[in-house]
Structures are given as C-alpha cells and as structure tokens.
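This report concerns only the one structure given below.
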Amino acid sequence: MFLVGLTGGISSGKSTVSSQLKELGCPVIDADVVARKVVKPQSPAYRLILRHFGQEILSDNGEIDRQKLGQIIFSNPEKRRLLNSITHPEIHKEMFKQILLYFIKGYRYVILDVPLLFETRRLTRFLTHTVVVYCDPATQLSRLMQRDGLSQEEAEQRIGAQMPLKEKRGLASHVIENSGSREDTHRQVLRLHTKLEDSMEFLVVRAVAVAAVAGLGVWRLPEQINHQLALYMTHMQPTCQFERSGLASRSELKVRSVPRLLLETFGELASN
C-alpha cells in the first residue's frame, strides 16, 4: 500500500475532512488519538511528561489535562519542543504498528492524519501524497475563537504557534479548500477519494515491501503483527522460511538477507 498524509492548521477543518474520509471507508490513523493513547497513566511518555512539567498538569482522575498542558506549551516554544521530543517517537512507533496491520490486511493505502506533518517532517519522506485542509486566516481565527471560547489574542497566539497554513499549502500535493460550505468541502473530498481509489501506486509499493520482508535479517515486531505477518508471508511466498523465538512480551521474526533500502525505510519509521 501507499501512505497519504493529511494535515491542516488549528480550526482549518482537518477533522471534518478526516471524518468524511472515514465515512467513505478510507483507513485513517489519527495521530491525535494515538497521542492520547501513548500518554496514558504510567506509560513511559506519561512519566517523562510529569518529570518535566510537574503534577499540576494532571486532572482529578490522574490523566494529563490537555488544556492545562496546552496553556504551557503554546506560550513557550522551548517547552513545546520538549513535549514533542517526548511524545513524537512514541506516536510514530504506534502509528507504524497500525500501518503494518493495515498492510497485512491488504489495504491499498492508509491516510495518516497528522496535525504537525510538515513541522516535524519525520514522516513526509514515506508519503506518496500529502493533503492540506486550508481556510483563509480570518475564517480560521473566527472558528477558533468560537469553538474554544478564546479571546482574539489567545486565538492568534495558538495559530501563531503553528506553521502558517499558506506555507503548508505550498508544500502539499493536494489542497482541500475549506473556507466555504460543508457541501463544497465534501465535493472536494469525494474527488480526492476517487483519485486514491483509482490509483495503482499500491501495486509497486506492495511488491517492494513483500520482497523486502522476504529478505529481512532480524526484525523485532509486536506479537500480534509478527503472527499476522508470518501468516501473510507464508500465504504469499510459501518458500520463505521463518525462525521465531519468544522474547517475553515480544517475539523475534527472522528472515534472511535484507535489502538495505527497505530495512532503513521501515526501521527508521519505527524508530522515529
């Protein structure tokens, strides 16, 4: 399969577009949902965040209060970079696991819904298409003030903490203009969906990926992915031989002789 990056700015309408794509049956991995998962209480990222930001960011139930944390990072670029350095590696690892599962299940493409796609640039090299949901600055400001009950100064501060939408627009391969009506946005989403469904790019990517996995040296994967990958590869290439050994909660998938490019590609995505 191939990967599609979906991004935008705060209150630009990315979530609306993401929801419409899901309704059309597109597989979407939402980085915000993953981000909430990786900072659950007692997770490694949770403990690091508390160490650097203190107990005052917690809600009554012991979970991280995103609003309290947001008030700190939106006014402090250094703190924002620190938080990103803690959460982004964990988010990318979890997204990688989900991508693998979609690949094994036979999906032709997966959409990665990532708010800071162009700010971090860690995932862009793996994407075949990038989509920006754009709206004009006045509309963005008005929507944010209304949605979050912010003053104009507070809303401008939050918008200013992100890369300008105009700049993101110039980096994307596709732009969905969301300054108008919901119906107009939906028509653009339908056109994008048709383009993705009609694409044959997944055939090349799948052929290369299968060839790479068939030549993998030593690759540690979570047990669930390991098992499904082994079943998939056994079905696709019966002559491929596997050696598996249990490693506590993880298992090791061993296949011989790895093509360098694919090992670096998948390995770097998993580690970032």
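Every chain in the structure tokens has a letter given in the order shown (A, B, ...), and although residue numbers restart at 1 in each chain, ligands are simply numbered from 1 in the order shown.
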
Query - DSSP helix (DSSP H, G or I) residues within segment 52-199 of chain A, listed as number ranges by chain - result: A: 52-53, 55-57, 66-73, 77-104, 117-120, 124-126, 137-148, 152-160, 165-171, 182-198

Query raised in the report: Which polymer residues have any atom within 7 Å of an atom of segment 150-164 of chain A, counting only C-alpha atoms, with same-chain residues fewer than 6 positions away left out, as a ChimeraX atom specification?
Result: /A:10,74,119,141,144

Grab the residues selected above and save them as a compact mmCIF listing (two decimals), in the first residue's frame with N, CA, C and O atoms.
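Now in again.txt:
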```
# COMPACT_ATOMS: atom_id res chain seq x y z
N ILE A 10 -4.89 24.53 13.13
CA ILE A 10 -5.92 24.55 14.15
C ILE A 10 -7.17 25.25 13.61
O ILE A 10 -7.10 26.32 13.02
N PHE A 74 1.83 26.41 24.39
CA PHE A 74 1.51 27.38 23.34
C PHE A 74 2.18 28.73 23.60
O PHE A 74 2.37 29.52 22.67
N GLU A 119 5.64 20.34 10.15
CA GLU A 119 6.51 20.92 11.18
C GLU A 119 7.63 19.96 11.57
O GLU A 119 8.78 20.36 11.73
N LEU A 141 -9.35 32.19 12.33
CA LEU A 141 -9.38 32.90 13.60
C LEU A 141 -10.78 32.91 14.19
O LEU A 141 -10.97 32.64 15.39
N LEU A 144 -11.76 29.41 15.53
CA LEU A 144 -11.06 29.03 16.76
C LEU A 144 -11.63 29.77 17.97
O LEU A 144 -11.83 29.18 19.03
```

Report summary line: atom CA of Pro27 of chain A to atom CA of Tyr109 of chain A measures 7.5 Å

Query - Non-local contacts of Ile86 of chain A (12 Å; only C-alpha atoms; under 4 positions in same chain excluded) as a list in words - result: Ala35, Val38, Val39, Ser43, Pro44, Ala45, Tyr46, Arg47, Leu48, Ile49, Leu50, Arg51, His52, Phe53, Lys79, Arg80, Arg81, Leu82, Glu90, Ile91, His92 and Asn272 of chain A

Give me a file of those residues, with C-alpha atoms, as a PDB file, in the first residue's frame.
```
ATOM      1  CA  ALA A  35      -1.155  10.744  21.125  1.00  0.00           C
ATOM      2  CA  VAL A  38       0.730   6.920  24.376  1.00  0.00           C
ATOM      3  CA  VAL A  39       0.351   9.306  27.345  1.00  0.00           C
ATOM      4  CA  SER A  43       3.190   4.874  30.189  1.00  0.00           C
ATOM      5  CA  PRO A  44       6.847   5.870  29.520  1.00  0.00           C
ATOM      6  CA  ALA A  45       5.783   9.154  27.876  1.00  0.00           C
ATOM      7  CA  TYR A  46       3.408   9.934  30.780  1.00  0.00           C
ATOM      8  CA  ARG A  47       6.193   9.555  33.335  1.00  0.00           C
ATOM      9  CA  LEU A  48       8.582  11.734  31.328  1.00  0.00           C
ATOM     10  CA  ILE A  49       5.977  14.461  30.891  1.00  0.00           C
ATOM     11  CA  LEU A  50       5.284  14.548  34.627  1.00  0.00           C
ATOM     12  CA  ARG A  51       9.008  14.709  35.343  1.00  0.00           C
ATOM     13  CA  HIS A  52       9.410  17.809  33.163  1.00  0.00           C
ATOM     14  CA  PHE A  53       6.038  19.550  33.556  1.00  0.00           C
ATOM     15  CA  LYS A  79       8.516  23.660  26.366  1.00  0.00           C
ATOM     16  CA  ARG A  80       6.639  22.800  23.179  1.00  0.00           C
ATOM     17  CA  ARG A  81       9.783  21.339  21.611  1.00  0.00           C
ATOM     18  CA  LEU A  82      10.447  19.384  24.790  1.00  0.00           C
ATOM     19  CA  GLU A  90       6.098   7.061  20.836  1.00  0.00           C
ATOM     20  CA  ILE A  91       3.384   8.309  18.484  1.00  0.00           C
ATOM     21  CA  HIS A  92       5.363   7.271  15.397  1.00  0.00           C
ATOM     22  CA  ASN A 272      11.157   7.844  14.777  1.00  0.00           C
TER      23      ASN A 272
END
```

Requested in this report: Within 12 Å of Val34 of chain A, counting only C-alpha atoms, which residues show up once you throw out same-chain ones fewer than 4 positions away? Write them as a ChimeraX atom specification, please.
Outcome: /A:28-30,38-40,87-98,112-114

Query raised in the report: Using only C-alpha atoms, which residues sit within 8 Å of Val133 of chain A once same-chain residues fewer than 6 positions away are excluded, as a ChimeraX atom specification?
Result: /A:6-9,12-14,17,175-178

Output for the residues just chosen: N, CA and C atoms as a PDB file, in the first residue's frame:
```pdb
ATOM      1  N   LEU A   6      -2.416  13.606   5.811  1.00  0.00           N
ATOM      2  CA  LEU A   6      -3.478  14.614   5.895  1.00  0.00           C
ATOM      3  C   LEU A   6      -3.142  15.574   7.024  1.00  0.00           C
ATOM      4  N   THR A   7      -3.118  16.865   6.722  1.00  0.00           N
ATOM      5  CA  THR A   7      -2.789  17.841   7.755  1.00  0.00           C
ATOM      6  C   THR A   7      -3.562  19.123   7.514  1.00  0.00           C
ATOM      7  N   GLY A   8      -3.327  20.088   8.381  1.00  0.00           N
ATOM      8  CA  GLY A   8      -4.010  21.376   8.286  1.00  0.00           C
ATOM      9  C   GLY A   8      -3.502  22.254   9.405  1.00  0.00           C
ATOM     10  N   GLY A   9      -4.326  23.184   9.830  1.00  0.00           N
ATOM     11  CA  GLY A   9      -3.989  24.026  10.967  1.00  0.00           C
ATOM     12  C   GLY A   9      -5.110  23.967  11.978  1.00  0.00           C
ATOM     13  N   SER A  12      -8.825  24.616  10.947  1.00  0.00           N
ATOM     14  CA  SER A  12      -8.919  24.728   9.485  1.00  0.00           C
ATOM     15  C   SER A  12      -9.947  23.747   8.909  1.00  0.00           C
ATOM     16  N   GLY A  13     -10.350  22.751   9.712  1.00  0.00           N
ATOM     17  CA  GLY A  13     -11.342  21.787   9.235  1.00  0.00           C
ATOM     18  C   GLY A  13     -10.782  20.418   8.916  1.00  0.00           C
ATOM     19  N   LYS A  14      -9.569  20.142   9.369  1.00  0.00           N
ATOM     20  CA  LYS A  14      -8.957  18.835   9.093  1.00  0.00           C
ATOM     21  C   LYS A  14      -9.777  17.689   9.664  1.00  0.00           C
ATOM     22  N   VAL A  17     -12.698  16.842   7.398  1.00  0.00           N
ATOM     23  CA  VAL A  17     -12.262  16.085   6.217  1.00  0.00           C
ATOM     24  C   VAL A  17     -11.912  14.654   6.603  1.00  0.00           C
ATOM     25  N   VAL A 175      -4.714  20.152  -2.102  1.00  0.00           N
ATOM     26  CA  VAL A 175      -5.273  21.129  -1.171  1.00  0.00           C
ATOM     27  C   VAL A 175      -6.787  21.028  -1.193  1.00  0.00           C
ATOM     28  N   ILE A 176      -7.379  20.929  -0.004  1.00  0.00           N
ATOM     29  CA  ILE A 176      -8.833  20.990   0.123  1.00  0.00           C
ATOM     30  C   ILE A 176      -9.181  22.339   0.725  1.00  0.00           C
ATOM     31  N   GLU A 177      -9.866  23.149  -0.035  1.00  0.00           N
ATOM     32  CA  GLU A 177     -10.242  24.497   0.381  1.00  0.00           C
ATOM     33  C   GLU A 177     -11.486  24.416   1.258  1.00  0.00           C
ATOM     34  N   ASN A 178     -11.349  24.816   2.511  1.00  0.00           N
ATOM     35  CA  ASN A 178     -12.444  24.654   3.471  1.00  0.00           C
ATOM     36  C   ASN A 178     -12.904  25.989   4.047  1.00  0.00           C
TER      37      ASN A 178
END
```

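The two atoms in question, atom CA of Gln20 of chain A and atom CA of Leu69 of chain A, are spaced 29.3 Å apart.
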
Report task. Show which residues sit within 7 Å of Thr130 of chain A, as a PyMOL selection string. Count only C-alpha atoms, and ignore same-chain residues fewer than 5 positions away. Result -> chain A and resi 4-6+172-174

Requested in this report: Name the residues in contact with Leu3 of chain A at a cut-off of 9 Å, using only C-alpha atoms, excluding same-chain residues fewer than 2 positions from it; report them as JSON, numbers by chain.
Outcome: {"A": [1, 5, 99, 108, 109, 110, 111, 112, 126, 127, 128, 129, 130, 202]}

Limited to N, CA, C and O atoms, could you put the picked residues into a file as an mmCIF file, in the first residue's frame?
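New file result-v2.cif:
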```cif
data_model
loop_
_atom_site.group_PDB
_atom_site.id
_atom_site.type_symbol
_atom_site.label_atom_id
_atom_site.label_comp_id
_atom_site.auth_asym_id
_atom_site.auth_seq_id
_atom_site.Cartn_x
_atom_site.Cartn_y
_atom_site.Cartn_z
ATOM 1 N N MET A 1 0.837 -1.192 0.000
ATOM 2 C CA MET A 1 0.000 0.000 0.000
ATOM 3 C C MET A 1 0.875 1.245 0.000
ATOM 4 O O MET A 1 2.074 1.182 0.245
ATOM 5 N N GLY A 5 -0.572 11.569 3.639
ATOM 6 C CA GLY A 5 -0.548 12.436 4.813
ATOM 7 C C GLY A 5 -1.643 13.475 4.732
ATOM 8 O O GLY A 5 -1.804 14.135 3.709
ATOM 9 N N ILE A 99 0.035 0.863 10.773
ATOM 10 C CA ILE A 99 0.281 0.799 9.327
ATOM 11 C C ILE A 99 0.559 -0.638 8.899
ATOM 12 O O ILE A 99 0.038 -1.128 7.889
ATOM 13 N N ARG A 108 -4.997 -0.952 0.316
ATOM 14 C CA ARG A 108 -4.165 -0.388 -0.738
ATOM 15 C C ARG A 108 -3.476 0.907 -0.318
ATOM 16 O O ARG A 108 -2.435 1.268 -0.852
ATOM 17 N N TYR A 109 -4.084 1.634 0.612
ATOM 18 C CA TYR A 109 -3.467 2.858 1.121
ATOM 19 C C TYR A 109 -3.992 3.125 2.521
ATOM 20 O O TYR A 109 -5.024 2.593 2.940
ATOM 21 N N VAL A 110 -3.245 3.956 3.252
ATOM 22 C CA VAL A 110 -3.649 4.380 4.587
ATOM 23 C C VAL A 110 -3.435 5.887 4.679
ATOM 24 O O VAL A 110 -2.422 6.414 4.200
ATOM 25 N N ILE A 111 -4.394 6.571 5.291
ATOM 26 C CA ILE A 111 -4.293 8.012 5.482
ATOM 27 C C ILE A 111 -3.787 8.280 6.899
ATOM 28 O O ILE A 111 -4.358 7.784 7.874
ATOM 29 N N LEU A 112 -2.726 9.045 7.001
ATOM 30 C CA LEU A 112 -2.163 9.430 8.292
ATOM 31 C C LEU A 112 -2.603 10.859 8.602
ATOM 32 O O LEU A 112 -2.179 11.808 7.936
ATOM 33 N N PHE A 126 7.984 9.245 3.594
ATOM 34 C CA PHE A 126 7.316 7.968 3.368
ATOM 35 C C PHE A 126 5.963 8.125 2.679
ATOM 36 O O PHE A 126 5.272 7.140 2.438
ATOM 37 N N LEU A 127 5.572 9.369 2.378
ATOM 38 C CA LEU A 127 4.230 9.632 1.869
ATOM 39 C C LEU A 127 4.224 9.775 0.354
ATOM 40 O O LEU A 127 5.066 10.460 -0.223
ATOM 41 N N THR A 128 3.243 9.154 -0.273
ATOM 42 C CA THR A 128 3.060 9.293 -1.714
ATOM 43 C C THR A 128 2.280 10.562 -2.031
ATOM 44 O O THR A 128 2.533 11.228 -3.035
ATOM 45 N N HIS A 129 1.309 10.883 -1.186
ATOM 46 C CA HIS A 129 0.509 12.099 -1.346
ATOM 47 C C HIS A 129 0.449 12.850 -0.015
ATOM 48 O O HIS A 129 0.443 12.220 1.048
ATOM 49 N N THR A 130 0.383 14.180 -0.087
ATOM 50 C CA THR A 130 0.144 14.993 1.106
ATOM 51 C C THR A 130 -1.043 15.905 0.833
ATOM 52 O O THR A 130 -1.133 16.513 -0.243
ATOM 53 N N PHE A 202 -0.232 1.433 -5.223
ATOM 54 C CA PHE A 202 -0.068 0.433 -4.170
ATOM 55 C C PHE A 202 0.591 -0.830 -4.692
ATOM 56 O O PHE A 202 1.255 -1.550 -3.939
#
```
